[in-house]
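Pasted below: target.csv, CSV, C-alpha atoms.
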```csv
chain,number,residue,atom,x,y,z
A,1,MET,CA,-0.2,5.8,9.9
A,2,ILE,CA,1.0,4.3,13.2
A,3,LEU,CA,4.1,2.1,13.1
A,4,THR,CA,4.6,-0.3,16.1
A,5,VAL,CA,7.8,-2.0,17.2
A,6,THR,CA,7.6,-5.1,19.3
A,7,PRO,CA,11.1,-6.6,19.8
A,8,ASN,CA,9.8,-9.7,21.7
A,9,PRO,CA,6.4,-10.5,20.2
A,10,SER,CA,4.4,-13.7,21.1
A,11,LEU,CA,1.5,-15.9,20.3
A,12,ASP,CA,-0.9,-15.5,23.3
A,13,ARG,CA,-3.1,-18.4,24.1
A,14,THR,CA,-5.9,-17.8,26.6
A,15,TYR,CA,-7.9,-20.4,28.4
A,16,GLU,CA,-11.1,-19.5,30.3
A,17,LEU,CA,-11.6,-21.8,33.3
A,18,PRO,CA,-14.4,-22.1,35.9
A,19,GLY,CA,-11.6,-22.3,38.6
A,20,LEU,CA,-7.9,-23.1,38.9
A,21,THR,CA,-6.9,-26.1,40.9
A,22,ARG,CA,-3.2,-26.8,41.2
A,23,GLY,CA,-2.3,-30.4,40.1
A,24,ALA,CA,-5.7,-31.1,38.6
A,25,VAL,CA,-6.7,-31.8,35.0
A,26,LEU,CA,-8.8,-28.8,33.9
A,27,ARG,CA,-11.2,-28.3,31.1
A,28,ALA,CA,-11.4,-24.9,29.5
A,29,ALA,CA,-14.8,-23.3,28.9
A,30,ALA,CA,-13.3,-21.4,26.0
A,31,ASP,CA,-9.9,-20.8,24.4
A,32,ARG,CA,-8.4,-18.5,21.8
A,33,VAL,CA,-5.0,-17.6,20.3
A,34,ASP,CA,-4.1,-14.0,19.5
A,35,PRO,CA,-1.0,-12.3,18.1
A,36,GLY,CA,0.7,-10.8,21.2
A,37,GLY,CA,3.2,-8.4,22.5
A,38,LYS,CA,2.6,-4.8,23.6
A,39,GLY,CA,3.3,-3.2,20.2
A,40,VAL,CA,1.4,-5.9,18.4
A,41,ASN,CA,-1.6,-5.2,20.6
A,42,VAL,CA,-1.4,-1.5,19.8
A,43,SER,CA,-1.4,-2.3,16.1
A,44,ARG,CA,-4.4,-4.6,16.6
A,45,ALA,CA,-6.3,-1.9,18.4
A,46,VAL,CA,-5.4,0.7,15.7
A,47,ALA,CA,-6.5,-1.6,12.9
A,48,ALA,CA,-9.8,-2.4,14.8
A,49,ALA,CA,-10.5,1.3,14.9
A,50,GLY,CA,-10.1,1.5,11.1
A,51,HIS,CA,-6.7,3.2,10.9
A,52,ARG,CA,-3.6,2.1,9.0
A,53,THR,CA,-0.8,0.4,10.9
A,54,ALA,CA,2.3,-1.7,10.3
A,55,ALA,CA,4.1,-3.9,12.9
A,56,VAL,CA,7.8,-4.3,13.0
A,57,VAL,CA,8.5,-7.7,14.6
A,58,PRO,CA,11.2,-10.4,14.7
A,59,LEU,CA,9.8,-13.6,13.3
A,60,GLY,CA,11.2,-17.1,13.9
A,61,GLY,CA,10.1,-20.7,13.4
A,62,PRO,CA,6.6,-22.0,12.8
A,63,GLU,CA,5.4,-19.8,15.6
A,64,GLY,CA,6.7,-16.7,13.8
A,65,ALA,CA,4.9,-17.7,10.6
A,66,LEU,CA,1.6,-18.2,12.5
A,67,LEU,CA,2.1,-14.8,14.1
A,68,ALA,CA,2.6,-13.1,10.7
A,69,ARG,CA,-0.5,-14.8,9.3
A,70,LEU,CA,-2.7,-13.8,12.3
A,71,LEU,CA,-1.5,-10.2,12.0
A,72,GLY,CA,-2.4,-10.2,8.3
A,73,GLU,CA,-5.9,-11.5,9.2
A,74,HIS,CA,-6.2,-8.5,11.5
A,75,GLY,CA,-5.5,-6.1,8.7
A,76,ILE,CA,-2.0,-5.2,9.9
A,77,GLU,CA,0.9,-4.8,7.5
A,78,VAL,CA,3.8,-7.0,8.7
A,79,ALA,CA,7.3,-5.7,8.6
A,80,GLY,CA,9.0,-8.9,9.7
A,81,VAL,CA,12.6,-9.4,10.4
A,82,PRO,CA,13.7,-13.0,10.2
A,83,VAL,CA,15.5,-14.4,13.3
A,84,ALA,CA,17.0,-17.8,14.1
A,85,GLY,CA,15.2,-18.4,17.3
A,86,SER,CA,11.5,-19.3,17.6
A,87,THR,CA,8.8,-16.7,18.4
A,88,ARG,CA,7.6,-17.3,22.0
A,89,VAL,CA,4.2,-18.6,23.1
A,90,ASN,CA,2.6,-17.2,26.3
A,91,VAL,CA,-0.3,-18.8,28.2
A,92,THR,CA,-3.0,-17.0,30.2
A,93,LEU,CA,-5.5,-18.7,32.5
A,94,VAL,CA,-8.6,-16.7,33.2
A,95,GLU,CA,-10.9,-17.8,36.1
A,96,ALA,CA,-14.6,-17.1,36.4
A,97,ASP,CA,-14.0,-14.2,38.8
A,98,ALA,CA,-11.5,-12.6,36.3
A,99,THR,CA,-8.4,-13.7,38.2
A,100,LEU,CA,-5.6,-14.1,35.7
A,101,THR,CA,-2.6,-16.5,35.8
A,102,LYS,CA,-0.1,-15.7,33.1
A,103,VAL,CA,2.9,-17.6,32.0
A,104,ASN,CA,5.3,-15.7,29.7
A,105,ALA,CA,8.0,-17.4,27.8
A,106,ALA,CA,11.5,-15.8,27.6
A,107,GLY,CA,11.6,-15.7,23.8
A,108,PRO,CA,14.6,-16.0,21.4
A,109,GLU,CA,18.0,-14.5,22.0
A,110,LEU,CA,18.7,-12.0,19.2
A,111,THR,CA,22.1,-11.7,17.6
A,112,ALA,CA,23.8,-8.3,17.0
A,113,GLY,CA,23.0,-8.6,13.3
A,114,GLU,CA,19.3,-9.3,14.0
A,115,ALA,CA,19.2,-6.3,16.5
A,116,GLU,CA,20.6,-4.0,13.8
A,117,ALA,CA,18.2,-5.3,11.2
A,118,LEU,CA,15.3,-4.4,13.5
A,119,LEU,CA,16.7,-0.9,14.0
A,120,GLU,CA,17.2,-0.4,10.3
A,121,THR,CA,13.7,-1.6,9.5
A,122,VAL,CA,12.3,0.9,12.0
A,123,ARG,CA,14.4,3.7,10.5
A,124,VAL,CA,13.2,3.0,7.0
A,125,ARG,CA,9.5,2.6,7.9
A,126,SER,CA,9.5,5.7,10.2
A,127,ALA,CA,9.7,8.0,7.3
A,128,SER,CA,6.0,7.3,6.4
A,129,ALA,CA,4.7,7.1,10.0
A,130,ASP,CA,2.9,9.7,12.0
A,131,TRP,CA,3.7,7.9,15.2
A,132,VAL,CA,6.1,5.1,16.1
A,133,ALA,CA,5.0,3.1,19.2
A,134,CYS,CA,7.9,1.2,20.7
A,135,CYS,CA,6.5,-1.3,23.2
A,136,GLY,CA,7.5,-4.0,25.6
A,137,SER,CA,10.5,-5.6,27.3
A,138,LEU,CA,13.7,-6.3,25.3
A,139,PRO,CA,14.5,-9.8,24.4
A,140,ARG,CA,17.7,-11.5,25.3
A,141,GLY,CA,20.6,-10.1,23.3
A,142,LEU,CA,19.5,-6.5,23.2
A,143,PRO,CA,21.1,-4.0,25.6
A,144,PRO,CA,19.1,-1.5,27.6
A,145,GLU,CA,20.4,1.3,25.2
A,146,TRP,CA,18.7,-0.4,22.2
A,147,TYR,CA,15.5,1.6,22.6
A,148,ALA,CA,17.5,4.8,23.0
A,149,GLU,CA,19.1,4.2,19.6
A,150,LEU,CA,15.7,3.3,18.1
A,151,VAL,CA,14.2,6.6,19.4
A,152,ALA,CA,17.1,8.6,18.0
A,153,ARG,CA,16.9,7.0,14.5
A,154,ALA,CA,13.1,7.4,14.3
A,155,HIS,CA,13.3,11.0,15.4
A,156,ARG,CA,15.9,11.7,12.6
A,157,ALA,CA,13.4,10.2,10.2
A,158,GLY,CA,10.8,12.8,11.3
A,159,ALA,CA,8.5,10.5,13.3
A,160,ARG,CA,7.0,11.1,16.8
A,161,ILE,CA,7.8,8.4,19.3
A,162,ALA,CA,5.6,6.7,22.0
A,163,LEU,CA,7.6,4.5,24.3
A,164,ASP,CA,6.1,1.8,26.6
A,165,THR,CA,8.8,0.1,28.4
A,166,SER,CA,10.4,0.1,31.9
A,167,GLY,CA,13.5,-0.3,34.0
A,168,PRO,CA,17.0,0.4,32.5
A,169,ALA,CA,15.6,0.5,28.9
A,170,LEU,CA,13.3,3.4,29.9
A,171,ASP,CA,16.1,5.2,31.8
A,172,ALA,CA,18.4,5.0,28.8
A,173,ALA,CA,15.8,6.1,26.3
A,174,LEU,CA,14.7,9.2,28.2
A,175,ARG,CA,17.9,11.1,27.1
A,176,GLU,CA,16.6,10.9,23.5
A,177,ARG,CA,13.4,12.7,24.5
A,178,PRO,CA,10.6,10.4,23.4
A,179,ASP,CA,7.4,12.3,22.6
A,180,VAL,CA,5.3,10.3,25.1
A,181,VAL,CA,6.2,7.5,27.6
A,182,LYS,CA,3.5,5.3,28.9
A,183,PRO,CA,4.2,3.6,32.3
A,184,ASN,CA,1.7,1.9,34.5
A,185,ALA,CA,1.7,2.8,38.2
A,186,GLU,CA,4.3,0.1,39.2
A,187,GLU,CA,6.6,1.1,36.4
A,188,LEU,CA,6.2,4.8,37.3
A,189,ALA,CA,7.1,4.1,40.9
A,190,GLU,CA,10.1,2.0,39.8
A,191,ALA,CA,11.3,4.8,37.5
A,192,VAL,CA,11.4,7.4,40.3
A,193,GLY,CA,12.5,4.9,43.0
A,194,ARG,CA,9.7,5.6,45.5
A,195,PRO,CA,6.2,4.3,46.3
A,196,LEU,CA,3.1,6.1,45.0
A,197,ALA,CA,0.2,6.2,47.3
A,198,THR,CA,-1.9,9.0,45.8
A,199,VAL,CA,-2.7,10.6,42.5
A,200,GLY,CA,-0.6,13.5,43.5
A,201,ASP,CA,2.4,11.2,44.0
A,202,ALA,CA,1.8,9.9,40.4
A,203,VAL,CA,1.7,13.5,39.1
A,204,ARG,CA,5.0,14.4,40.8
A,205,ALA,CA,6.6,11.2,39.5
A,206,ALA,CA,5.4,12.0,35.9
A,207,GLU,CA,6.9,15.5,36.2
A,208,GLU,CA,10.2,14.0,37.2
A,209,LEU,CA,10.2,11.9,34.0
A,210,LEU,CA,9.6,15.2,32.1
A,211,ASP,CA,12.7,16.7,33.8
A,212,ARG,CA,14.7,13.6,32.7
A,213,GLY,CA,13.7,14.0,29.0
A,214,ALA,CA,10.1,12.7,28.3
A,215,ARG,CA,8.0,15.3,26.5
A,216,ALA,CA,4.8,13.8,27.9
A,217,VAL,CA,3.7,11.0,30.2
A,218,LEU,CA,0.6,9.0,29.8
A,219,ALA,CA,0.3,6.9,33.1
A,220,SER,CA,-2.1,4.1,33.6
A,221,LEU,CA,-3.2,3.9,37.2
A,222,GLY,CA,-5.3,0.7,36.8
A,223,ALA,CA,-8.8,1.0,38.2
A,224,ASP,CA,-8.0,4.5,39.5
A,225,GLY,CA,-7.9,5.9,36.0
A,226,GLN,CA,-5.2,7.5,33.7
A,227,LEU,CA,-3.0,10.6,34.0
A,228,LEU,CA,-1.6,12.8,31.2
A,229,VAL,CA,1.2,15.2,32.1
A,230,GLY,CA,3.0,17.2,29.5
A,231,GLY,CA,3.2,20.5,27.5
A,232,SER,CA,-0.5,20.5,26.7
A,233,GLY,CA,-1.3,20.4,30.5
A,234,THR,CA,-2.1,17.9,33.2
A,235,TYR,CA,-5.3,15.9,33.0
A,236,PHE,CA,-6.9,13.0,34.8
A,237,GLY,CA,-9.5,10.6,33.4
A,238,GLY,CA,-11.5,7.6,34.3
A,239,ALA,CA,-14.4,5.5,33.2
A,240,ARG,CA,-17.2,3.4,34.7
A,241,VAL,CA,-16.7,-0.3,34.2
A,242,ALA,CA,-19.4,-2.6,35.5
A,243,ALA,CA,-17.5,-5.9,35.2
A,244,VAL,CA,-13.9,-6.7,34.2
A,245,ARG,CA,-13.5,-9.8,32.0
A,246,SER,CA,-9.7,-9.5,31.2
A,247,ASN,CA,-7.2,-6.7,31.6
A,248,VAL,CA,-4.7,-8.3,29.3
A,249,GLY,CA,-3.7,-5.7,26.7
A,250,ALA,CA,-5.9,-2.9,28.2
A,251,GLY,CA,-2.9,-0.6,28.5
A,252,ASP,CA,-2.0,-1.3,24.9
A,253,ALA,CA,-5.5,-0.5,23.8
A,254,SER,CA,-5.3,2.8,25.7
A,255,LEU,CA,-2.1,3.8,23.9
A,256,ALA,CA,-3.7,3.0,20.6
A,257,GLY,CA,-6.7,5.2,21.4
A,258,PHE,CA,-4.4,8.0,22.5
A,259,LEU,CA,-2.3,7.9,19.4
A,260,ALA,CA,-5.2,7.5,17.0
A,261,ALA,CA,-6.8,10.6,18.6
A,262,GLY,CA,-3.6,12.7,17.9
A,263,GLY,CA,-1.6,11.9,20.9
A,264,VAL,CA,-1.9,15.4,22.5
A,265,GLY,CA,-4.2,16.9,25.1
A,266,GLU,CA,-7.4,16.1,27.0
A,267,ALA,CA,-9.3,14.7,24.0
A,268,ALA,CA,-6.6,12.1,23.3
A,269,LEU,CA,-6.6,11.2,27.0
A,270,ALA,CA,-10.4,10.6,26.8
A,271,ALA,CA,-9.9,8.3,23.8
A,272,ALA,CA,-7.2,6.4,25.8
A,273,VAL,CA,-9.5,5.9,28.7
A,274,ALA,CA,-12.4,4.8,26.5
A,275,HIS,CA,-10.3,2.2,24.7
A,276,GLY,CA,-8.8,0.9,28.0
A,277,ALA,CA,-12.2,0.6,29.6
A,278,ALA,CA,-13.6,-1.2,26.5
A,279,ALA,CA,-10.7,-3.7,26.5
A,280,VAL,CA,-11.2,-4.9,30.0
A,281,ARG,CA,-14.8,-5.9,29.1
A,282,LEU,CA,-13.6,-8.2,26.4
A,283,PRO,CA,-12.1,-11.8,26.7
A,284,GLY,CA,-8.4,-12.6,26.5
A,285,SER,CA,-6.4,-9.9,24.8
A,286,GLN,CA,-9.1,-9.0,22.3
A,287,MET,CA,-8.9,-5.4,21.2
A,288,PRO,CA,-12.0,-3.1,21.1
A,289,THR,CA,-13.7,-1.9,17.9
A,290,PRO,CA,-15.5,1.5,17.8
A,291,ALA,CA,-18.8,-0.4,18.6
A,292,ASP,CA,-17.3,-1.5,21.9
A,293,LEU,CA,-16.5,2.0,23.1
A,294,ASP,CA,-18.7,3.9,25.6
A,295,PRO,CA,-17.5,7.5,25.5
A,296,ALA,CA,-20.4,8.6,27.7
A,297,SER,CA,-18.8,6.6,30.6
A,298,VAL,CA,-15.6,8.6,30.4
A,299,THR,CA,-14.8,11.7,32.4
A,300,THR,CA,-11.7,13.8,32.2
A,301,THR,CA,-10.6,16.9,34.1
A,302,ALA,CA,-7.8,19.4,34.6
A,303,ASP,CA,-8.8,19.6,38.3
A,304,ILE,CA,-6.5,16.8,39.5
A,305,PRO,CA,-7.6,15.0,42.6
A,306,LEU,CA,-4.1,15.1,44.1
A,307,ASP,CA,-5.1,13.7,47.5
A,308,ARG,CA,-7.1,10.7,46.2
A,309,PRO,CA,-5.5,7.5,47.4
A,310,LEU,CA,-4.6,4.8,44.8
A,311,ARG,CA,-6.6,1.7,45.5
A,312,GLU,CA,-3.5,-0.4,44.9
A,313,PRO,CA,-0.5,1.8,45.9
A,314,ALA,CA,2.5,1.3,43.6
A,315,ARG,CA,5.7,0.1,45.3
```

Translate the structure described by the file into structure tokens.
Amino acid sequence: MILTVTPNPSLDRTYELPGLTRGAVLRAAADRVDPGGKGVNVSRAVAAAGHRTAAVVPLGGPEGALLARLLGEHGIEVAGVPVAGSTRVNVTLVEADATLTKVNAAGPELTAGEAEALLETVRVRSASADWVACCGSLPRGLPPEWYAELVARAHRAGARIALDTSGPALDAALRERPDVVKPNAEELAEAVGRPLATVGDAVRAAEELLDRGARAVLASLGADGQLLVGGSGTYFGGARVAAVRSNVGAGDASLAGFLAAGGVGEAALAAAVAHGAAAVRLPGSQMPTPADLDPASVTTTADIPLDRPLREPAR
């Protein structure tokens, strides 16, 4: 059972376009609407893999009602917390060469009572969860320490915590010792306050997060692969991808694969890489099913290529 927490969920509408011309009237070749938000995407990927999952989400307005309905259609149990503001709608424009233009709405501002209701829902639901995945940025009204309190309450309920956030919220939560944190390369560089130019730089940055409280770090390095640093060892993994269709939600699919495979060690890293690689071959924020995975394309190793340059150095 994997419980996800998305404090600022969304409806994600994706339009596929032959090209993007500013100021023009454009016709979409295809469009779709998906339930969105990082934790929601994790639940979608977990459900697609045939595992049980529940999503804790604030829901407001007609948009919130549609989000709940779509989650149910994906086989996800909805642990909704009513809020006064409306659930946000994000728009992604995908060009033929896979270039993405994404417009994210701010979302509602949560009251102190709504923030506490979310925390209490997570605490109650954590008792029956193997993992709690807390994902995404915090909405207006929630202080950076909110995730730290969530990690503390879920730990007291006996659940393991995976945290995917950044900035002050990540800094504050590290003191509560989340079981795994999942930054991308840019978030990892921000967390340690220095650029990352090589895989070795990423390893050293991940080790610094361990020193600050994380029990393990699963770092997405984009096209360069993924890195796992923790008590089970340090491993590096990658996969062959012939063509990228959309990278929206790929990191969330990776986290889902990692947790569904146990969340520890090289085998879990291989599952993370396989799920992320499958996700980028799919349109929009569609999550992969087992039939989309290509385990044969995945390689993992404990022999870390420390000197390998990152194709897109993180600043």

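Considering the residues A:Ser285, A:Ser128, A:Ser232, A:Gln226 and counting all atoms listed in the file, Thr299 of chain A has its shortest atom-to-atom contact with A:Gln226.
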
| field | Ala261 of chain A surroundings by only C-alpha atoms, 12 Å radius, close-in-sequence under 2 positions cut, as a PyMOL selection string | value | chain A and resi 1-2+46+49+51+130-131+254-259+263-275

| request: Can you work out which one of A:Gly237, A:Gly39, A:Gly158, A:Gly230 has the shortest atom-to-atom distance to Val124 of chain A, counting all atoms listed in the file? | output: A:Gly158

| request: Quick one: everything within 10 Å of Val203 of chain A, counting all atoms listed in the file, minus sequence neighbours fewer than 2 positions away in the same chain. Send it as a VMD selection string. | output: chain A and resid 188 196 198 to 201 205 to 208 217 219 227 to 229 234 to 236 304 306

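The interatomic distance for the pair atom CA of Leu142 of chain A and atom CA of Thr165 of chain A works out to 13.6 Å.
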
| task | For each of A:Ala260, A:Leu3, A:Ala278, A:Ala202, take the minimum atom-to-atom distance to Val298 of chain A, counting all atoms listed in the file, then give the residue where this is smallest. | result | A:Ala278

| query | Taking only C-alpha atoms into account, which of A:Leu210, A:Ala189, A:Ala243, A:Leu11 comes nearest Arg69 of chain A? | reply | A:Leu11

| What residues have an atom no more than 12 Å from (9.5, -13.0, 12.9) in the file's own frame, counting all atoms listed in the file, and can you write them as a PyMOL selection string? | chain A and resi 5-11+35+55-69+71+78-88+107-108+110+114+117-118

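Taking atom CA of Lys38 of chain A and atom CA of Arg240 of chain A as the two end points, the separation is 24.1 Å.
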